[in-house]
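What's in work-v1.csv: CSV, C-alpha atoms
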```csv
chain,number,residue,atom,x,y,z
A,1,ASP,CA,5.4,-5.0,25.7
A,2,GLU,CA,4.5,-6.7,29.0
A,3,ASN,CA,7.5,-5.4,30.9
A,4,GLN,CA,7.5,-1.9,29.5
A,5,TYR,CA,11.3,-1.6,29.3
A,6,LYS,CA,11.7,-2.9,32.8
A,7,TYR,CA,14.8,-4.9,31.7
A,8,ALA,CA,16.1,-2.4,29.2
A,9,GLY,CA,18.9,-1.0,31.2
A,10,TYR,CA,20.3,2.6,30.9
A,11,ILE,CA,22.4,4.6,28.6
A,12,VAL,CA,24.7,6.8,30.8
A,13,LEU,CA,27.1,9.6,30.0
A,14,ASN,CA,30.2,11.3,31.5
A,15,LYS,CA,31.5,14.7,30.5
A,16,THR,CA,35.1,14.7,29.4
A,17,GLN,CA,37.6,17.2,28.0
A,18,GLU,CA,36.6,16.0,24.6
A,19,GLY,CA,32.9,16.3,25.2
A,20,TYR,CA,30.2,13.8,26.4
A,21,ARG,CA,30.9,10.1,26.2
A,22,TYR,CA,28.2,7.5,26.5
A,23,GLY,CA,28.1,4.0,27.9
A,24,TYR,CA,25.5,1.4,29.1
A,25,ILE,CA,24.6,-0.3,32.3
A,26,ASN,CA,22.0,-3.1,32.7
A,27,ASN,CA,18.9,-3.0,34.9
A,28,LYS,CA,20.9,-4.5,37.8
A,29,GLY,CA,23.5,-1.6,37.6
A,30,LYS,CA,26.3,-3.7,36.0
A,31,VAL,CA,28.5,-1.8,33.6
A,32,ILE,CA,28.2,-3.4,30.2
A,33,LEU,CA,29.9,-0.7,28.1
A,34,GLU,CA,32.3,1.9,29.4
A,35,THR,CA,31.5,5.6,28.6
A,36,GLN,CA,33.6,5.8,25.5
A,37,TYR,CA,31.1,6.4,22.7
A,38,ASN,CA,30.3,9.7,21.0
A,39,GLU,CA,26.8,8.5,20.4
A,40,LEU,CA,24.9,5.5,21.7
A,41,SER,CA,21.3,4.3,21.0
A,42,ARG,CA,19.5,1.1,21.8
A,43,ILE,CA,17.7,-0.9,19.2
A,44,ASP,CA,14.3,-1.2,21.0
A,45,ASP,CA,12.4,-3.3,18.5
A,46,ILE,CA,14.3,-6.5,19.0
A,47,GLU,CA,12.2,-8.9,21.2
A,48,ASP,CA,15.0,-10.3,23.3
A,49,ASN,CA,15.1,-9.8,27.1
A,50,ASP,CA,18.4,-11.6,27.5
A,51,ASN,CA,20.5,-9.4,25.2
A,52,VAL,CA,20.9,-5.8,24.4
A,53,TYR,CA,21.7,-4.4,20.9
A,54,LEU,CA,23.2,-0.9,20.7
A,55,ILE,CA,24.3,1.3,17.8
A,56,GLY,CA,27.4,3.2,18.9
A,57,ALA,CA,29.6,5.8,17.2
A,58,LYS,CA,33.3,6.5,17.8
A,59,ASN,CA,34.8,9.4,15.9
A,60,GLY,CA,32.0,9.5,13.5
A,61,GLN,CA,32.2,5.8,12.6
A,62,TYR,CA,29.2,3.6,13.6
A,63,GLY,CA,29.0,0.0,14.7
A,64,VAL,CA,26.7,-2.4,16.5
A,65,ILE,CA,27.3,-3.9,19.9
A,66,LYS,CA,25.5,-7.0,21.3
A,67,ASN,CA,26.1,-6.8,25.1
A,68,LYS,CA,29.9,-6.4,25.3
A,69,LYS,CA,30.7,-7.9,21.9
A,70,ASP,CA,31.3,-5.8,18.8
A,71,LEU,CA,28.8,-7.3,16.4
A,72,ILE,CA,29.6,-4.9,13.6
A,73,PRO,CA,32.9,-2.9,13.8
A,74,ASN,CA,32.9,0.9,13.9
A,75,GLU,CA,33.6,1.4,10.2
A,76,TYR,CA,30.3,2.7,8.8
A,77,GLN,CA,29.0,6.2,8.2
A,78,SER,CA,25.5,5.2,9.2
A,79,ILE,CA,23.5,2.2,10.4
A,80,ARG,CA,19.7,1.8,10.6
A,81,TYR,CA,17.6,-1.1,11.8
A,82,ASP,CA,14.6,-2.5,10.0
A,83,SER,CA,12.2,-4.0,12.5
A,84,THR,CA,10.1,-5.8,9.9
A,85,ASN,CA,12.9,-7.9,8.5
A,86,HIS,CA,15.3,-7.7,11.5
A,87,VAL,CA,18.2,-6.5,9.4
A,88,LEU,CA,20.6,-3.6,9.5
A,89,VAL,CA,21.3,-1.2,6.6
A,90,VAL,CA,24.9,-0.1,6.7
A,91,GLU,CA,26.6,2.7,4.8
A,92,LYS,CA,30.3,3.0,3.9
A,93,SER,CA,31.7,5.6,1.5
A,94,LYS,CA,28.2,6.4,0.2
A,95,LYS,CA,27.6,2.7,-0.6
A,96,TYR,CA,25.0,0.6,1.1
A,97,GLY,CA,24.6,-3.1,2.2
A,98,ILE,CA,22.7,-5.2,4.6
A,99,SER,CA,23.9,-7.1,7.7
A,100,ASN,CA,21.9,-9.6,9.8
A,101,LEU,CA,21.7,-9.6,13.6
A,102,GLU,CA,24.6,-12.0,13.8
A,103,GLY,CA,26.8,-9.3,12.2
A,104,LYS,CA,27.1,-11.1,8.9
A,105,LEU,CA,26.9,-9.1,5.6
A,106,ILE,CA,24.1,-10.7,3.6
A,107,VAL,CA,24.0,-8.0,0.9
A,108,PRO,CA,27.3,-6.6,-0.1
A,109,VAL,CA,28.1,-2.9,0.5
A,110,GLU,CA,28.1,-1.9,-3.2
A,111,TYR,CA,24.7,-0.3,-3.8
A,112,ASP,CA,23.9,3.4,-4.3
A,113,GLN,CA,20.6,3.0,-2.5
A,114,ILE,CA,18.7,0.3,-0.5
A,115,ASP,CA,14.9,0.6,0.1
A,116,ILE,CA,13.0,-1.8,2.2
A,117,THR,CA,9.3,-2.1,1.5
A,118,GLY,CA,7.5,-4.9,3.3
A,119,ILE,CA,9.3,-8.2,3.2
A,120,TYR,CA,11.7,-7.4,0.4
A,121,LEU,CA,15.0,-5.4,0.2
A,122,TYR,CA,15.4,-3.4,-3.0
A,123,ALA,CA,19.1,-2.7,-3.8
A,124,GLN,CA,19.9,-0.2,-6.6
A,125,ASN,CA,23.1,0.6,-8.5
A,126,ASN,CA,23.9,1.7,-12.1
A,127,GLN,CA,23.0,-1.8,-13.3
A,128,GLY,CA,19.4,-1.6,-12.0
A,129,ILE,CA,17.5,-2.9,-9.1
A,130,THR,CA,18.1,-6.3,-7.4
A,131,VAL,CA,15.4,-7.6,-5.0
A,132,TYR,CA,16.6,-9.6,-2.0
A,133,ASN,CA,14.8,-11.7,0.6
A,134,ASN,CA,15.6,-10.8,4.2
A,135,ASN,CA,18.1,-13.6,4.4
A,136,GLY,CA,20.2,-12.1,1.6
A,137,THR,CA,19.2,-14.5,-1.2
A,138,GLU,CA,17.9,-12.9,-4.4
A,139,ALA,CA,14.1,-12.9,-4.7
A,140,ASN,CA,12.3,-14.2,-7.7
A,141,ILE,CA,9.9,-11.2,-8.0
A,142,ASP,CA,9.4,-8.2,-10.2
A,143,THR,CA,10.9,-5.0,-8.9
A,144,SER,CA,7.4,-3.3,-9.2
A,145,ILE,CA,6.0,-5.7,-6.6
A,146,ALA,CA,6.1,-5.2,-2.8
A,147,ILE,CA,4.5,-7.4,-0.2
A,148,LEU,CA,3.6,-6.4,3.3
A,149,ASN,CA,3.0,-8.7,6.3
A,150,THR,CA,-0.2,-8.2,8.3
A,151,SER,CA,-1.0,-9.1,11.9
A,152,ASN,CA,-2.8,-12.2,10.6
A,153,ASP,CA,-0.5,-14.8,9.1
A,154,LYS,CA,-3.3,-15.8,6.6
A,155,TYR,CA,-3.0,-12.5,4.7
A,156,ARG,CA,-0.4,-10.3,3.1
A,157,ILE,CA,-0.9,-7.0,1.3
A,158,ARG,CA,0.5,-7.1,-2.3
A,159,ILE,CA,1.3,-3.7,-4.0
A,160,ASN,CA,1.8,-3.5,-7.7
A,161,SER,CA,3.3,-0.2,-9.0
A,162,GLN,CA,3.7,-1.3,-12.6
A,163,ASN,CA,0.9,0.7,-14.0
A,164,GLY,CA,0.0,3.0,-11.2
A,165,THR,CA,0.1,1.8,-7.6
A,166,LYS,CA,-2.7,-0.8,-6.9
A,167,TYR,CA,-3.2,-2.9,-3.8
A,168,GLY,CA,-4.5,-6.5,-3.4
A,169,VAL,CA,-4.3,-9.3,-0.9
A,170,ILE,CA,-2.6,-12.7,-1.2
A,171,GLY,CA,-2.5,-15.7,1.2
A,172,SER,CA,0.6,-17.1,2.9
A,173,ASP,CA,0.9,-19.5,-0.1
A,174,GLY,CA,1.1,-16.6,-2.5
A,175,LYS,CA,-2.3,-17.1,-4.1
A,176,GLN,CA,-4.4,-14.1,-4.9
A,177,ILE,CA,-7.3,-13.5,-2.5
A,178,ILE,CA,-8.3,-9.9,-3.3
A,179,LYS,CA,-7.6,-8.5,-6.8
A,180,GLU,CA,-5.3,-5.5,-7.2
A,181,ASN,CA,-8.2,-3.1,-7.8
A,182,TYR,CA,-7.7,-0.7,-4.9
A,183,ASN,CA,-5.7,2.4,-4.3
A,184,TYR,CA,-5.0,1.3,-0.7
A,185,ILE,CA,-5.7,-1.7,1.5
A,186,GLU,CA,-5.1,-2.1,5.2
A,187,TYR,CA,-5.9,-5.2,7.3
A,188,LEU,CA,-8.5,-4.5,9.9
A,189,PHE,CA,-9.3,-7.7,11.9
A,190,ASP,CA,-10.7,-11.3,11.3
A,191,ASP,CA,-11.3,-11.4,7.5
A,192,TYR,CA,-11.9,-7.7,7.0
A,193,PHE,CA,-10.0,-5.0,5.2
A,194,ILE,CA,-10.1,-1.2,4.9
A,195,VAL,CA,-9.9,-0.3,1.2
A,196,SER,CA,-9.7,3.0,-0.7
A,197,SER,CA,-11.3,3.6,-4.2
A,198,ASP,CA,-10.1,5.9,-7.0
A,199,ASN,CA,-11.9,8.9,-5.5
A,200,GLY,CA,-10.0,8.5,-2.2
A,201,LYS,CA,-13.0,7.3,-0.2
A,202,LEU,CA,-12.8,4.4,2.3
A,203,GLY,CA,-14.9,1.4,3.1
A,204,ILE,CA,-14.6,-2.2,4.4
A,205,ILE,CA,-14.6,-5.4,2.4
A,206,ASP,CA,-14.2,-9.0,3.4
A,207,ASN,CA,-11.8,-11.7,2.0
A,208,LYS,CA,-14.4,-12.5,-0.7
A,209,GLU,CA,-14.5,-8.8,-1.8
A,210,ASN,CA,-18.0,-8.4,-0.4
A,211,THR,CA,-18.7,-4.8,0.6
A,212,LYS,CA,-19.4,-4.7,4.4
A,213,VAL,CA,-19.2,-0.9,4.8
A,214,GLU,CA,-19.9,1.3,1.8
A,215,ILE,CA,-16.9,2.9,0.3
A,216,LYS,CA,-17.9,6.5,1.0
A,217,TYR,CA,-16.0,7.6,4.2
A,218,ASP,CA,-13.2,10.1,4.5
A,219,SER,CA,-11.6,8.3,7.5
A,220,ILE,CA,-11.9,4.8,9.0
A,221,GLN,CA,-10.0,4.1,12.2
A,222,LYS,CA,-9.9,1.1,14.5
A,223,ILE,CA,-9.7,2.4,18.1
A,224,TYR,CA,-6.6,1.0,19.6
A,225,GLY,CA,-7.2,-1.7,22.2
A,226,THR,CA,-10.9,-2.2,21.3
A,227,SER,CA,-13.0,-3.9,18.7
A,228,VAL,CA,-14.6,-0.5,17.8
A,229,THR,CA,-14.1,1.1,14.4
A,230,GLN,CA,-14.7,4.8,13.9
A,231,PHE,CA,-16.1,6.2,10.6
A,232,ILE,CA,-15.9,9.8,9.5
A,233,GLU,CA,-17.8,11.2,6.5
A,234,ASN,CA,-17.4,14.8,5.3
A,235,LEU,CA,-21.0,15.5,4.3
A,236,SER,CA,-20.1,19.0,2.9
A,237,ASN,CA,-18.4,17.2,0.0
```
Produce structure tokens that represent the structure in this file.
Amino acid sequence: DENQYKYAGYIVLNKTQEGYRYGYINNKGKVILETQYNELSRIDDIEDNDNVYLIGAKNGQYGVIKNKKDLIPNEYQSIRYDSTNHVLVVEKSKKYGISNLEGKLIVPVEYDQIDITGIYLYAQNNQGITVYNNNGTEANIDTSIAILNTSNDKYRIRINSQNGTKYGVIGSDGKQIIKENYNYIEYLFDDYFIVSSDNGKLGIIDNKENTKVEIKYDSIQKIYGTSVTQFIENLSN
């Protein structure tokens, strides 16, 4: 964020008889990858100024390159990066798995679908859903539960979809702080949360579930880069 891609380097291309071919040079002009890829994209969400991670395709097969090293070989139909858990979802022959940033498969490529919600990986096949932690170990949690990190390490949003989707808040130790009584919860700042009621209206509560702003607004937004919060109420309703 501080350097605004100053050290990100450049994806470059050459036109050949077979079409465009892409490569990569660093911010000092040194060639890191020759122009040999059909497609090339940088993974921007990795906070690492010393290394570059790129997803490259050759003849329709995708892989991952760290600097000049092939981290994941070009043998997948698709690869996508999850910035929350810092893992890569890979697809081969319509089956999905998970690789870490060291190129190691931590979830085997044998699932029909993999969804990532918050801090857990939900892998589904004809035997059901298996929930994994982001290190590839199986998670001891019900498949109807999702947990989202917030910008405050003290709080996590807990979503329970067992009987209709309801939101609550837990601490870093897993203990319940705010009961799952809300249709939506978003961390605001300090000990405050934006919440939504059954009628879709929004308000603000604290970590003791005390109402700080009445739950009656159609929109609540924190103005980026400030401590100001904007409230909108549609009085015609």
Practice task
Find the spatial neighbours of stretch 188-190 of chain A, counting all atoms listed in the file, within a cut-off of 10 Å - ignore same-chain residues fewer than 4 positions away - and output them as number ranges by chain.
Solution key: A: 150-152, 154, 194-195, 204-207, 220-222, 227, 229
Practice task
Kindly give the distance, in Å, that separates atom CA of A:Arg42 and atom CA of A:Gln124, rounded to a single decimal.
Solution key: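 Atom-to-atom, atom CA of A:Arg42 and atom CA of A:Gln124 are spaced 28.4 Å apart.
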Problem - Sphere at (14.8, -4.9, 19.4), radius 12 Å, counting only C-alpha atoms: residues as a PyMOL selection string - result: chain A and resi 1+5+8+41-55+66+81-88+101
Handout entry: Residue among A:Pro73, A:Gly118, A:Gly23, A:Gly29 lying closest to A:Gln61, counting only C-alpha atoms
Key =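 Nearest candidate to A:Gln61 out of A:Pro73, A:Gly118, A:Gly23, A:Gly29: A:Pro73.
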Could you list, as an mmCIF file with C-alpha atoms, in the coordinates of the input, every residue within 10 Å of A:Ser197, counting all atoms listed in the file and ignoring same-chain residues fewer than 5 positions away?
```cif
data_model
loop_
_atom_site.group_PDB
_atom_site.id
_atom_site.type_symbol
_atom_site.label_atom_id
_atom_site.label_comp_id
_atom_site.auth_asym_id
_atom_site.auth_seq_id
_atom_site.Cartn_x
_atom_site.Cartn_y
_atom_site.Cartn_z
ATOM 1 C CA ASN A 181 -8.200 -3.100 -7.800
ATOM 2 C CA TYR A 182 -7.700 -0.700 -4.900
ATOM 3 C CA ASN A 183 -5.700 2.400 -4.300
ATOM 4 C CA TYR A 184 -5.000 1.300 -0.700
ATOM 5 C CA ILE A 185 -5.700 -1.700 1.500
ATOM 6 C CA LEU A 202 -12.800 4.400 2.300
ATOM 7 C CA GLY A 203 -14.900 1.400 3.100
ATOM 8 C CA ILE A 215 -16.900 2.900 0.300
ATOM 9 C CA LYS A 216 -17.900 6.500 1.000
#
```
Exercise for the section: Just give me the gap between atom CA of A:Asp198 and atom CA of A:Leu121 in Å, one decimal is fine. Expected result: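 Interatomic distance here is 28.5 Å.
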Exercise for the section: Give the answer as one residue: which of A:Ile72, A:Glu39, A:Lys201, A:Gly174 has the shortest atom-to-atom distance to A:Gly60, using only C-alpha atoms? Expected result: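 Smallest distance to A:Gly60 is found for A:Glu39.
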Handout entry: Selected residue, from A:Glu102, A:Glu75, A:Glu18, A:Asp70, that lies nearest to A:Asn38 when counting all atoms listed in the file
Key = A:Glu18
Practice task
Kindly give the distance, in Å, that separates atom CA of A:Asn125 and atom CA of A:Arg156, rounded to a single decimal.
Solution key: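 A separation of 28.4 Å between them.
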Practice task
Find the residues near A:Ile170: any atom within 7 Å, counting only C-alpha atoms, skip ones fewer than 5 places away on the same chain, and give them as number ranges by chain.
Solution key: A: 155-158, 175-178
Restrict the selected residues to C-alpha atoms and save them as a PDB file, keeping the file's coordinate frame.
```pdb
ATOM      1  CA  TYR A 155      -3.000 -12.500   4.700  1.00  0.00           C
ATOM      2  CA  ARG A 156      -0.400 -10.300   3.100  1.00  0.00           C
ATOM      3  CA  ILE A 157      -0.900  -7.000   1.300  1.00  0.00           C
ATOM      4  CA  ARG A 158       0.500  -7.100  -2.300  1.00  0.00           C
ATOM      5  CA  LYS A 175      -2.300 -17.100  -4.100  1.00  0.00           C
ATOM      6  CA  GLN A 176      -4.400 -14.100  -4.900  1.00  0.00           C
ATOM      7  CA  ILE A 177      -7.300 -13.500  -2.500  1.00  0.00           C
ATOM      8  CA  ILE A 178      -8.300  -9.900  -3.300  1.00  0.00           C
TER       9      ILE A 178
END
```
Exercise for the section: Point out the residue among A:Gly225, A:Gly19, A:Gly103, A:Gly97 with the least atom-to-atom distance to A:Asn59, counting only C-alpha atoms. Expected result: A:Gly19
Practice task
May I have the residues at most 12 Å from (-2.1, 0.9, -11.1) in the file's coordinates, counting only C-alpha atoms, as a list in words?
Solution key: Ser144, Ile145, Ile159, Asn160, Ser161, Gln162, Asn163, Gly164, Thr165, Lys166, Tyr167, Gly168, Lys179, Glu180, Asn181, Tyr182, Asn183, Tyr184, Ser197 and Asp198 of chain A
Contact residues around A:Val109 with all atoms listed in the file at 9 Å, ignoring same-chain residues under 6 positions, as a PDB file with C-alpha atoms, in the frame of the given file:
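So the final result, stored in part33.pdb, reads:
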```pdb
ATOM      1  CA  VAL A  90      24.900  -0.100   6.700  1.00  0.00           C
ATOM      2  CA  GLU A  91      26.600   2.700   4.800  1.00  0.00           C
ATOM      3  CA  LYS A  92      30.300   3.000   3.900  1.00  0.00           C
ATOM      4  CA  LYS A  95      27.600   2.700  -0.600  1.00  0.00           C
ATOM      5  CA  TYR A  96      25.000   0.600   1.100  1.00  0.00           C
ATOM      6  CA  GLY A  97      24.600  -3.100   2.200  1.00  0.00           C
ATOM      7  CA  ILE A  98      22.700  -5.200   4.600  1.00  0.00           C
TER       8      ILE A  98
END
```
Handout entry: A:Asn67, A:Asn133, A:Ser78, A:Thr117 ranked by distance to A:Glu34, top pick (using only C-alpha atoms)
Key = A:Asn67
Practice task
Go through A:Lys58, A:Lys68, A:Asn14, A:Tyr122 and flag the residue nearest A:Asn26, using all atoms listed in the file for the distances.
Solution key: A:Lys68
Can you tell me, as AutoDock Vina command-line options, the centre and edge lengths (Å, one decimal) of the axis-aligned box enclosing all of stretch 119-124 of chain A's listed atoms after padding each side by 4 Å?
```
--center_x 14.6 --center_y -4.2 --center_z -1.7 --size_x 18.6 --size_y 16.0 --size_z 17.8
```
